[in-house]
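Quick notes on the structure that follows.
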Amino acid sequence: MKDWVSFDRRHVWHPYASVLNPGPVHAVRSARGASLELADGRWVVDGMASWWCAIHGYNVPELNDAVSRQLERMAHVMFGGLTHEPAVRLASRLLELAPAGLQHVFFADSGSVAVEVALKMALQFWQPGQAEKRRILTIRHGYHGDTFGAMSVCDPVTGMHHLFSGMLPRQLFVAAPAGQQWEHAAEEMASVLGAHGHEIAAVILEPVVQGAGGMRFYAPAFLRQVRRLCDAHDVLLILDEIATGFGRTGRMFACEHAGIEPDIMCVGKALTGGYMSLAAVLASHEVARGVEAGGQVLMHGPTFMANPLACSVALASIDLLLSSPWQERVGRIEQAFRDGLESCRSARGVADVRALGAIGVIEMKQPVDVSSVQERLLSKGVWLRPFGRLIYAMPPYVLSDQELSLLVQAMAEVVHEL
Ligand code: PMP
């Protein structure tokens, strides 16, 4: 096809974008290491790791091999009534890595679906004896995905509630903790649990980092307090580790910062090293028992559940992560963000600068003009996708020192130019 980019412009939807009046897109020809090759021949450092997934970068020999080897056996087979080694080995590996109380695994095909499944688990858990427990409590500024259940627990202002009002389940929201200021949020949560505990099935949270809802970091002490409150009020705790899992915050899972265990945990994104879509919901034995009390079973079963290619590449990605000095790599990225972005604090229009693990954030006072900032960054050799008031990066862990300084410098320069 000769002019495929202009066909894209006329016919193809991109995320959160107009199909009738499309903004700019850049064609990618290939990707290697931490960089993308654009169609015009430019190589740019990918500071987004393809929406936070490609932790090992691109075209990774070990991951390519895992896909090719599995492809020769079978690309896919249904999971209903059949099973296969990649799924079971991946389940076992996930349970080894995750908090000890999690003992059962449900494979979903994307992060949003994993959140739907987690919510279903929590609702089905209470159905046999306490069917009135069917609301979900969460904090503001959250993001959990774009499907209906997931949207219902996203931030009610910046999320999509206004577009679907009356159609989303009505959940309960309390203030989000802000950095080290978490007591107020915990008090509000305690009082809502006190008043509504009898109708709340679960609390859902992104642990320590609220991602797409604003790249906000909060004190792990808040999580410990939420765990205590959930226990005291007989409410399940769901942790959405889809963005934070597999080392992004400096720990394998962000809940480890707080030393707590959820009842249900969602993982996705970096699970396959960014090779393909796969997510998983991990649950405690108590949750599984509760869901199946009264002879019911968990009512979910995607066509591509536990896709063998995805499971094989996920196993290879986890092996690669565990055999790499990932903590050192993530620590090095955090330090580079801290050192390199510090100067932005005094730049005009900057509200805050922060870093945690392999996440570096510059928060502006006003929304940024995404395409103009993007063009400036591209001209400096860097691909980022700012949103709202945020210019942020979550790069592959494997980027070289040179690529890391190019990324940090480009971010700092662009902010000083604004
Ligand atoms: N939960 C969190 C915390 C996320 O960051 C995301 C994706 N940004 C999702 C859920 C949804 O995942 P997916 O896009 O794979 O549906």
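Labels used: A, B, ... for chains in the order of the structure tokens, numbers from 1 for residues in each chain, and numbers from 1 for ligands as shown.
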Find the residues near stretch 224-237 of chain A: any atom within 9 Å, counting only C-alpha atoms, skip ones fewer than 2 places away on the same chain, and give them as a compact mmCIF listing (two decimals) with N, CA, C and O atoms, in the first residue's frame.
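Contents of the output file selection-v2.txt:
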```txt
# COMPACT_ATOMS: atom_id res chain seq x y z
N ALA A 122 -14.65 -9.51 43.37
CA ALA A 122 -15.03 -8.89 44.65
C ALA A 122 -16.55 -8.94 44.82
O ALA A 122 -17.06 -9.21 45.91
N LYS A 133 -23.30 -5.91 49.57
CA LYS A 133 -21.95 -5.35 49.41
C LYS A 133 -21.62 -5.36 47.92
O LYS A 133 -21.07 -6.33 47.38
N ALA A 186 -6.76 9.11 54.63
CA ALA A 186 -7.05 7.89 55.42
C ALA A 186 -8.23 8.13 56.36
O ALA A 186 -9.08 7.25 56.53
N MET A 189 -11.34 7.98 54.33
CA MET A 189 -11.63 6.60 53.98
C MET A 189 -12.23 5.86 55.18
O MET A 189 -13.20 5.10 55.04
N ALA A 190 -11.68 6.12 56.36
CA ALA A 190 -12.19 5.46 57.57
C ALA A 190 -13.64 5.86 57.79
O ALA A 190 -14.49 5.02 58.12
N LEU A 193 -15.88 4.16 55.20
CA LEU A 193 -16.02 2.73 55.51
C LEU A 193 -16.92 2.53 56.72
O LEU A 193 -17.71 1.58 56.78
N GLY A 194 -16.80 3.45 57.68
CA GLY A 194 -17.66 3.37 58.87
C GLY A 194 -19.13 3.49 58.49
O GLY A 194 -19.99 2.74 58.94
N GLY A 197 -19.61 0.68 55.05
CA GLY A 197 -18.91 -0.62 54.96
C GLY A 197 -19.83 -1.77 54.58
O GLY A 197 -19.44 -2.66 53.83
N HIS A 198 -21.07 -1.72 55.07
CA HIS A 198 -22.01 -2.82 54.82
C HIS A 198 -22.37 -2.93 53.35
O HIS A 198 -22.87 -3.96 52.91
N ILE A 200 -20.04 -1.96 50.85
CA ILE A 200 -18.80 -1.88 50.06
C ILE A 200 -18.17 -3.27 49.92
O ILE A 200 -17.91 -3.95 50.91
N ALA A 201 -17.95 -3.65 48.67
CA ALA A 201 -17.34 -4.96 48.39
C ALA A 201 -15.83 -4.88 48.49
O ALA A 201 -15.18 -5.79 49.00
N ALA A 202 -15.28 -3.79 47.96
CA ALA A 202 -13.81 -3.70 47.88
C ALA A 202 -13.35 -2.26 47.77
O ALA A 202 -14.09 -1.39 47.32
N VAL A 203 -12.11 -2.07 48.19
CA VAL A 203 -11.39 -0.83 47.89
C VAL A 203 -10.44 -1.17 46.74
O VAL A 203 -9.79 -2.23 46.77
N ILE A 204 -10.37 -0.32 45.73
CA ILE A 204 -9.38 -0.52 44.66
C ILE A 204 -8.44 0.68 44.61
O ILE A 204 -8.90 1.83 44.71
N LEU A 205 -7.15 0.38 44.49
CA LEU A 205 -6.15 1.45 44.45
C LEU A 205 -5.01 1.08 43.53
O LEU A 205 -4.69 -0.10 43.38
N PRO A 220 3.74 5.15 51.15
CA PRO A 220 3.32 3.77 51.39
C PRO A 220 2.54 3.61 52.71
O PRO A 220 1.72 2.69 52.83
N ALA A 221 2.78 4.51 53.66
CA ALA A 221 2.05 4.43 54.94
C ALA A 221 0.54 4.47 54.70
O ALA A 221 -0.24 3.86 55.45
N PHE A 222 0.12 5.17 53.66
CA PHE A 222 -1.32 5.23 53.35
C PHE A 222 -1.85 3.84 53.03
O PHE A 222 -2.93 3.44 53.48
N LEU A 239 -5.43 -4.34 44.57
CA LEU A 239 -4.36 -3.44 44.13
C LEU A 239 -4.16 -3.60 42.63
O LEU A 239 -4.00 -4.72 42.13
N ALA A 258 5.13 -0.88 50.93
CA ALA A 258 4.34 -0.78 52.16
C ALA A 258 4.38 -2.08 52.96
O ALA A 258 3.91 -2.12 54.10
N GLY A 259 4.90 -3.14 52.38
CA GLY A 259 4.93 -4.43 53.07
C GLY A 259 3.54 -5.00 53.32
O GLY A 259 3.33 -5.67 54.33
N ILE A 260 2.59 -4.72 52.44
CA ILE A 260 1.25 -5.27 52.64
C ILE A 260 0.88 -6.20 51.49
O ILE A 260 1.52 -6.19 50.43
N GLU A 261 -0.16 -6.97 51.72
CA GLU A 261 -0.66 -7.88 50.69
C GLU A 261 -2.11 -7.54 50.36
O GLU A 261 -2.91 -7.36 51.27
N PRO A 262 -2.42 -7.49 49.09
CA PRO A 262 -3.83 -7.30 48.72
C PRO A 262 -4.56 -8.64 48.74
O PRO A 262 -3.93 -9.69 48.83
N ASP A 263 -5.87 -8.58 48.63
CA ASP A 263 -6.65 -9.82 48.46
C ASP A 263 -6.69 -10.20 46.99
O ASP A 263 -6.80 -11.37 46.64
N ILE A 264 -6.67 -9.16 46.14
CA ILE A 264 -6.72 -9.36 44.69
C ILE A 264 -5.72 -8.39 44.08
O ILE A 264 -5.63 -7.23 44.50
N MET A 265 -4.97 -8.86 43.10
CA MET A 265 -3.97 -7.97 42.48
C MET A 265 -4.03 -8.13 40.95
O MET A 265 -4.12 -9.23 40.45
N VAL A 287 -10.37 -15.52 48.73
CA VAL A 287 -11.20 -14.91 47.68
C VAL A 287 -11.77 -15.98 46.77
O VAL A 287 -12.97 -16.00 46.47
```
Could you list, as an mmCIF file with all heavy atoms, in the first residue's frame, all protein and nucleic acid residues with an atom at most 6 Å from ligand 1, counting only C-alpha atoms and all ligand atoms?
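This is the output file out28.cif:
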```
data_model
loop_
_atom_site.group_PDB
_atom_site.id
_atom_site.type_symbol
_atom_site.label_atom_id
_atom_site.label_comp_id
_atom_site.auth_asym_id
_atom_site.auth_seq_id
_atom_site.Cartn_x
_atom_site.Cartn_y
_atom_site.Cartn_z
ATOM 1 N N SER A 110 -6.249 -7.920 28.692
ATOM 2 C CA SER A 110 -5.719 -6.552 28.779
ATOM 3 C C SER A 110 -5.885 -6.071 30.212
ATOM 4 O O SER A 110 -6.599 -6.703 31.012
ATOM 5 C CB SER A 110 -6.480 -5.603 27.845
ATOM 6 O OG SER A 110 -7.774 -5.378 28.364
ATOM 7 N N GLY A 111 -5.259 -4.942 30.506
ATOM 8 C CA GLY A 111 -5.354 -4.407 31.856
ATOM 9 C C GLY A 111 -6.787 -4.083 32.256
ATOM 10 O O GLY A 111 -7.242 -4.435 33.349
ATOM 11 N N SER A 112 -7.518 -3.430 31.345
ATOM 12 C CA SER A 112 -8.899 -3.058 31.674
ATOM 13 C C SER A 112 -9.740 -4.299 31.987
ATOM 14 O O SER A 112 -10.542 -4.295 32.920
ATOM 15 C CB SER A 112 -9.540 -2.313 30.502
ATOM 16 O OG SER A 112 -8.813 -1.162 30.199
ATOM 17 N N TYR A 143 -6.770 5.855 37.921
ATOM 18 C CA TYR A 143 -7.067 5.398 36.554
ATOM 19 C C TYR A 143 -6.942 3.877 36.546
ATOM 20 O O TYR A 143 -5.936 3.324 37.009
ATOM 21 C CB TYR A 143 -6.082 5.999 35.527
ATOM 22 C CG TYR A 143 -6.364 5.436 34.156
ATOM 23 C CD1 TYR A 143 -7.355 5.991 33.337
ATOM 24 C CD2 TYR A 143 -5.709 4.292 33.708
ATOM 25 C CE1 TYR A 143 -7.665 5.432 32.105
ATOM 26 C CE2 TYR A 143 -6.019 3.724 32.471
ATOM 27 C CZ TYR A 143 -6.994 4.292 31.687
ATOM 28 O OH TYR A 143 -7.306 3.732 30.475
ATOM 29 N N HIS A 144 -7.971 3.222 36.046
ATOM 30 C CA HIS A 144 -7.947 1.752 36.061
ATOM 31 C C HIS A 144 -8.343 1.148 34.723
ATOM 32 O O HIS A 144 -8.515 -0.074 34.641
ATOM 33 C CB HIS A 144 -8.863 1.217 37.168
ATOM 34 C CG HIS A 144 -8.409 1.602 38.545
ATOM 35 N ND1 HIS A 144 -7.375 0.972 39.193
ATOM 36 C CD2 HIS A 144 -8.814 2.600 39.379
ATOM 37 C CE1 HIS A 144 -7.175 1.539 40.380
ATOM 38 N NE2 HIS A 144 -8.029 2.541 40.518
ATOM 39 N N GLY A 145 -8.534 1.959 33.688
ATOM 40 C CA GLY A 145 -8.862 1.384 32.382
ATOM 41 C C GLY A 145 -10.091 2.020 31.782
ATOM 42 O O GLY A 145 -10.750 2.874 32.392
ATOM 43 N N GLU A 206 -4.376 2.099 42.952
ATOM 44 C CA GLU A 206 -3.067 1.917 42.345
ATOM 45 C C GLU A 206 -2.073 2.144 43.491
ATOM 46 O O GLU A 206 -2.088 3.213 44.093
ATOM 47 C CB GLU A 206 -2.816 2.971 41.272
ATOM 48 C CG GLU A 206 -3.701 2.874 40.048
ATOM 49 C CD GLU A 206 -3.777 4.218 39.330
ATOM 50 O OE1 GLU A 206 -4.589 5.072 39.735
ATOM 51 O OE2 GLU A 206 -3.016 4.418 38.382
ATOM 52 N N GLY A 211 -1.079 6.579 38.149
ATOM 53 C CA GLY A 211 -0.466 6.812 36.841
ATOM 54 C C GLY A 211 -1.233 7.775 35.966
ATOM 55 O O GLY A 211 -1.114 9.000 36.092
ATOM 56 N N ALA A 212 -2.058 7.227 35.066
ATOM 57 C CA ALA A 212 -2.711 8.052 34.050
ATOM 58 C C ALA A 212 -3.633 9.111 34.651
ATOM 59 O O ALA A 212 -4.032 10.053 33.965
ATOM 60 C CB ALA A 212 -3.474 7.160 33.075
ATOM 61 N N ASP A 240 -4.195 -2.484 41.942
ATOM 62 C CA ASP A 240 -3.991 -2.447 40.498
ATOM 63 C C ASP A 240 -2.514 -2.133 40.248
ATOM 64 O O ASP A 240 -2.095 -0.973 40.314
ATOM 65 C CB ASP A 240 -4.911 -1.375 39.893
ATOM 66 C CG ASP A 240 -4.723 -1.227 38.393
ATOM 67 O OD1 ASP A 240 -3.747 -1.769 37.851
ATOM 68 O OD2 ASP A 240 -5.565 -0.544 37.772
ATOM 69 N N ILE A 242 -0.995 -2.772 37.473
ATOM 70 C CA ILE A 242 -0.813 -2.865 36.022
ATOM 71 C C ILE A 242 0.304 -1.931 35.543
ATOM 72 O O ILE A 242 1.142 -2.321 34.733
ATOM 73 C CB ILE A 242 -2.157 -2.600 35.312
ATOM 74 C CG1 ILE A 242 -3.083 -3.796 35.572
ATOM 75 C CG2 ILE A 242 -1.968 -2.344 33.812
ATOM 76 C CD1 ILE A 242 -4.546 -3.546 35.263
ATOM 77 N N ALA A 243 0.338 -0.712 36.084
ATOM 78 C CA ALA A 243 1.391 0.234 35.669
ATOM 79 C C ALA A 243 2.649 0.083 36.521
ATOM 80 O O ALA A 243 3.756 0.328 36.048
ATOM 81 C CB ALA A 243 0.875 1.663 35.768
#
```
- Item | Residue among A:Val415, A:Ala131, A:Ala195, A:Ala31 lying closest to A:Val60, counting only C-alpha atoms |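 Ranked by minimum distance to A:Val60, first place goes to A:Ala31.
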- Message: Restricting the calculation to only C-alpha atoms: of A:Ala270, A:Ile139, A:Ser6, A:Ile391, which residue gets closest to A:His184?
- Response: A:Ile139
- Item | One-decimal distance in Å that lies between atom CA of A:Arg248 and atom CA of A:Gly301 | 29.1 Å
- Item | Long-range neighbours of A:His285 as a VMD selection string, 12 Å cut-off, only C-alpha atoms, 5 positions minimum in chain | chain A and resid 95 100 to 105 125 262 to 264 290 to 292
- Message: So that I can check the secondary structure, give me every residue of stretch 69-120 of chain A assigned helix (DSSP H, G or I) by backbone DSSP, as number ranges by chain.
- Response: A: 69-73, 85-97, 111-120
Please produce an output containing C-alpha atoms for each residue in the selection, written as a PDB file, in the first residue's frame.
```pdb
ATOM      1  CA  ARG A  69       9.719 -21.217  19.671  1.00  0.00           C
ATOM      2  CA  GLN A  70       6.125 -21.097  20.850  1.00  0.00           C
ATOM      3  CA  LEU A  71       4.907 -20.188  17.382  1.00  0.00           C
ATOM      4  CA  GLU A  72       6.306 -23.463  16.062  1.00  0.00           C
ATOM      5  CA  ARG A  73       4.247 -25.387  18.610  1.00  0.00           C
ATOM      6  CA  GLU A  85       2.584 -25.459  29.793  1.00  0.00           C
ATOM      7  CA  PRO A  86       3.284 -21.762  29.079  1.00  0.00           C
ATOM      8  CA  ALA A  87       0.167 -20.706  31.014  1.00  0.00           C
ATOM      9  CA  VAL A  88       0.829 -22.964  33.951  1.00  0.00           C
ATOM     10  CA  ARG A  89       4.516 -22.113  34.166  1.00  0.00           C
ATOM     11  CA  LEU A  90       3.646 -18.418  34.008  1.00  0.00           C
ATOM     12  CA  ALA A  91       1.015 -18.808  36.722  1.00  0.00           C
ATOM     13  CA  SER A  92       3.539 -20.541  38.932  1.00  0.00           C
ATOM     14  CA  ARG A  93       6.170 -17.857  38.291  1.00  0.00           C
ATOM     15  CA  LEU A  94       3.708 -15.050  39.059  1.00  0.00           C
ATOM     16  CA  LEU A  95       2.664 -16.687  42.320  1.00  0.00           C
ATOM     17  CA  GLU A  96       6.318 -17.089  43.326  1.00  0.00           C
ATOM     18  CA  LEU A  97       6.948 -13.383  42.714  1.00  0.00           C
ATOM     19  CA  GLY A 111      -5.354  -4.407  31.856  1.00  0.00           C
ATOM     20  CA  SER A 112      -8.899  -3.058  31.674  1.00  0.00           C
ATOM     21  CA  VAL A 113     -10.310  -6.564  31.441  1.00  0.00           C
ATOM     22  CA  ALA A 114      -8.181  -7.619  34.406  1.00  0.00           C
ATOM     23  CA  VAL A 115      -9.776  -4.789  36.397  1.00  0.00           C
ATOM     24  CA  GLU A 116     -13.249  -5.942  35.308  1.00  0.00           C
ATOM     25  CA  VAL A 117     -12.399  -9.458  36.460  1.00  0.00           C
ATOM     26  CA  ALA A 118     -11.051  -8.200  39.785  1.00  0.00           C
ATOM     27  CA  LEU A 119     -14.249  -6.206  40.364  1.00  0.00           C
ATOM     28  CA  LYS A 120     -16.348  -9.235  39.429  1.00  0.00           C
TER      29      LYS A 120
END
```
- Item | All residues 10 Å or closer to A:Val370, only C-alpha atoms, same chain fewer than 5 positions away omitted, as JSON, numbers by chain | {"A": [375, 384, 385, 386, 387, 388, 389, 390, 391]}
- Task: Tell me which protein, DNA and RNA residues are within 10 Å of A:Phe79, counting only C-alpha atoms, leaving out same-chain ones fewer than 2 positions away, and put them as a PyMOL selection string.
- Result: chain A and resi 76-77+81-84+87+107+301-308
Restricted to C-alpha atoms, what would the selected residues look like written as an mmCIF file, in the first residue's frame?
```cif
data_model
loop_
_atom_site.group_PDB
_atom_site.id
_atom_site.type_symbol
_atom_site.label_atom_id
_atom_site.label_comp_id
_atom_site.auth_asym_id
_atom_site.auth_seq_id
_atom_site.Cartn_x
_atom_site.Cartn_y
_atom_site.Cartn_z
ATOM 1 C CA HIS A 76 -3.193 -20.258 20.302
ATOM 2 C CA VAL A 77 -5.593 -22.779 21.704
ATOM 3 C CA GLY A 81 -11.263 -27.430 29.052
ATOM 4 C CA LEU A 82 -7.696 -27.332 27.674
ATOM 5 C CA THR A 83 -4.452 -26.216 29.235
ATOM 6 C CA HIS A 84 -0.815 -25.748 28.212
ATOM 7 C CA ALA A 87 0.167 -20.706 31.014
ATOM 8 C CA PHE A 107 -5.396 -14.668 32.770
ATOM 9 C CA GLY A 301 -13.697 -16.466 30.024
ATOM 10 C CA PRO A 302 -12.104 -14.436 27.222
ATOM 11 C CA THR A 303 -11.540 -16.086 23.834
ATOM 12 C CA PHE A 304 -7.824 -15.394 24.023
ATOM 13 C CA MET A 305 -7.485 -16.300 27.702
ATOM 14 C CA ALA A 306 -3.902 -17.387 28.501
ATOM 15 C CA ASN A 307 -2.790 -17.068 24.875
ATOM 16 C CA PRO A 308 0.294 -19.327 24.604
#
```
- Write down as a list in words the residues of stretch 253-350 of chain A whose backbone DSSP state falls under strand (DSSP E).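 Checking each residue of stretch 253-350 of chain A, the strand (DSSP E) ones are Ile264, Met265, Cys266, Val267, Ala279, Ala280, Val281, Leu282, Ala283, Ser284 and Val350 of chain A.
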Take the selection from the previous step and output its residues with all heavy atoms, as a PDB file, in the first residue's frame.
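Once written, again_12.pdb looks like this:
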```
ATOM      1  N   ILE A 264      -6.667  -9.159  46.138  1.00  0.00           N
ATOM      2  CA  ILE A 264      -6.720  -9.361  44.690  1.00  0.00           C
ATOM      3  C   ILE A 264      -5.716  -8.389  44.080  1.00  0.00           C
ATOM      4  O   ILE A 264      -5.629  -7.227  44.500  1.00  0.00           O
ATOM      5  CB  ILE A 264      -8.143  -9.050  44.146  1.00  0.00           C
ATOM      6  CG1 ILE A 264      -9.187  -9.958  44.804  1.00  0.00           C
ATOM      7  CG2 ILE A 264      -8.183  -9.189  42.621  1.00  0.00           C
ATOM      8  CD1 ILE A 264     -10.635  -9.595  44.461  1.00  0.00           C
ATOM      9  N   MET A 265      -4.965  -8.862  43.101  1.00  0.00           N
ATOM     10  CA  MET A 265      -3.969  -7.973  42.475  1.00  0.00           C
ATOM     11  C   MET A 265      -4.029  -8.125  40.951  1.00  0.00           C
ATOM     12  O   MET A 265      -4.125  -9.232  40.449  1.00  0.00           O
ATOM     13  CB  MET A 265      -2.584  -8.371  42.978  1.00  0.00           C
ATOM     14  CG  MET A 265      -1.455  -7.525  42.498  1.00  0.00           C
ATOM     15  SD  MET A 265       0.018  -7.860  43.528  1.00  0.00           S
ATOM     16  CE  MET A 265       1.085  -8.536  42.290  1.00  0.00           C
ATOM     17  N   CYS A 266      -3.999  -6.991  40.250  1.00  0.00           N
ATOM     18  CA  CYS A 266      -3.998  -7.018  38.785  1.00  0.00           C
ATOM     19  C   CYS A 266      -2.599  -6.683  38.278  1.00  0.00           C
ATOM     20  O   CYS A 266      -1.988  -5.723  38.762  1.00  0.00           O
ATOM     21  CB  CYS A 266      -4.935  -5.951  38.225  1.00  0.00           C
ATOM     22  SG  CYS A 266      -6.622  -6.135  38.768  1.00  0.00           S
ATOM     23  N   VAL A 267      -2.113  -7.444  37.325  1.00  0.00           N
ATOM     24  CA  VAL A 267      -0.862  -7.096  36.637  1.00  0.00           C
ATOM     25  C   VAL A 267      -1.114  -7.110  35.134  1.00  0.00           C
ATOM     26  O   VAL A 267      -2.036  -7.776  34.655  1.00  0.00           O
ATOM     27  CB  VAL A 267       0.299  -8.054  36.994  1.00  0.00           C
ATOM     28  CG1 VAL A 267       0.665  -7.960  38.463  1.00  0.00           C
ATOM     29  CG2 VAL A 267      -0.002  -9.506  36.612  1.00  0.00           C
ATOM     30  N   ALA A 279      -2.758  -9.812  30.625  1.00  0.00           N
ATOM     31  CA  ALA A 279      -2.845  -9.330  32.001  1.00  0.00           C
ATOM     32  C   ALA A 279      -3.223 -10.516  32.861  1.00  0.00           C
ATOM     33  O   ALA A 279      -3.609 -11.576  32.356  1.00  0.00           O
ATOM     34  CB  ALA A 279      -3.885  -8.216  32.105  1.00  0.00           C
ATOM     35  N   ALA A 280      -3.106 -10.341  34.172  1.00  0.00           N
ATOM     36  CA  ALA A 280      -3.493 -11.436  35.060  1.00  0.00           C
ATOM     37  C   ALA A 280      -4.081 -10.851  36.326  1.00  0.00           C
ATOM     38  O   ALA A 280      -3.705  -9.754  36.757  1.00  0.00           O
ATOM     39  CB  ALA A 280      -2.280 -12.308  35.376  1.00  0.00           C
ATOM     40  N   VAL A 281      -5.011 -11.606  36.897  1.00  0.00           N
ATOM     41  CA  VAL A 281      -5.578 -11.238  38.186  1.00  0.00           C
ATOM     42  C   VAL A 281      -5.176 -12.343  39.155  1.00  0.00           C
ATOM     43  O   VAL A 281      -5.429 -13.520  38.901  1.00  0.00           O
ATOM     44  CB  VAL A 281      -7.118 -11.149  38.123  1.00  0.00           C
ATOM     45  CG1 VAL A 281      -7.675 -10.607  39.435  1.00  0.00           C
ATOM     46  CG2 VAL A 281      -7.540 -10.261  36.951  1.00  0.00           C
ATOM     47  N   LEU A 282      -4.528 -11.930  40.245  1.00  0.00           N
ATOM     48  CA  LEU A 282      -4.084 -12.885  41.246  1.00  0.00           C
ATOM     49  C   LEU A 282      -5.001 -12.731  42.456  1.00  0.00           C
ATOM     50  O   LEU A 282      -5.334 -11.597  42.843  1.00  0.00           O
ATOM     51  CB  LEU A 282      -2.636 -12.590  41.648  1.00  0.00           C
ATOM     52  CG  LEU A 282      -1.517 -13.113  40.725  1.00  0.00           C
ATOM     53  CD1 LEU A 282      -1.718 -12.736  39.280  1.00  0.00           C
ATOM     54  CD2 LEU A 282      -0.163 -12.615  41.206  1.00  0.00           C
ATOM     55  N   ALA A 283      -5.401 -13.847  43.050  1.00  0.00           N
ATOM     56  CA  ALA A 283      -6.330 -13.755  44.185  1.00  0.00           C
ATOM     57  C   ALA A 283      -5.911 -14.708  45.289  1.00  0.00           C
ATOM     58  O   ALA A 283      -5.276 -15.742  45.032  1.00  0.00           O
ATOM     59  CB  ALA A 283      -7.747 -14.090  43.713  1.00  0.00           C
ATOM     60  N   SER A 284      -6.287 -14.357  46.508  1.00  0.00           N
ATOM     61  CA  SER A 284      -5.989 -15.226  47.648  1.00  0.00           C
ATOM     62  C   SER A 284      -6.917 -16.444  47.603  1.00  0.00           C
ATOM     63  O   SER A 284      -7.949 -16.445  46.920  1.00  0.00           O
ATOM     64  CB  SER A 284      -6.212 -14.460  48.955  1.00  0.00           C
ATOM     65  OG  SER A 284      -7.598 -14.240  49.119  1.00  0.00           O
ATOM     66  N   VAL A 350       6.496  25.880  35.910  1.00  0.00           N
ATOM     67  CA  VAL A 350       6.610  24.531  36.485  1.00  0.00           C
ATOM     68  C   VAL A 350       5.999  24.502  37.886  1.00  0.00           C
ATOM     69  O   VAL A 350       6.305  25.350  38.725  1.00  0.00           O
ATOM     70  CB  VAL A 350       8.093  24.072  36.530  1.00  0.00           C
ATOM     71  CG1 VAL A 350       8.257  22.783  37.329  1.00  0.00           C
ATOM     72  CG2 VAL A 350       8.611  23.891  35.112  1.00  0.00           C
TER      73      VAL A 350
END
```
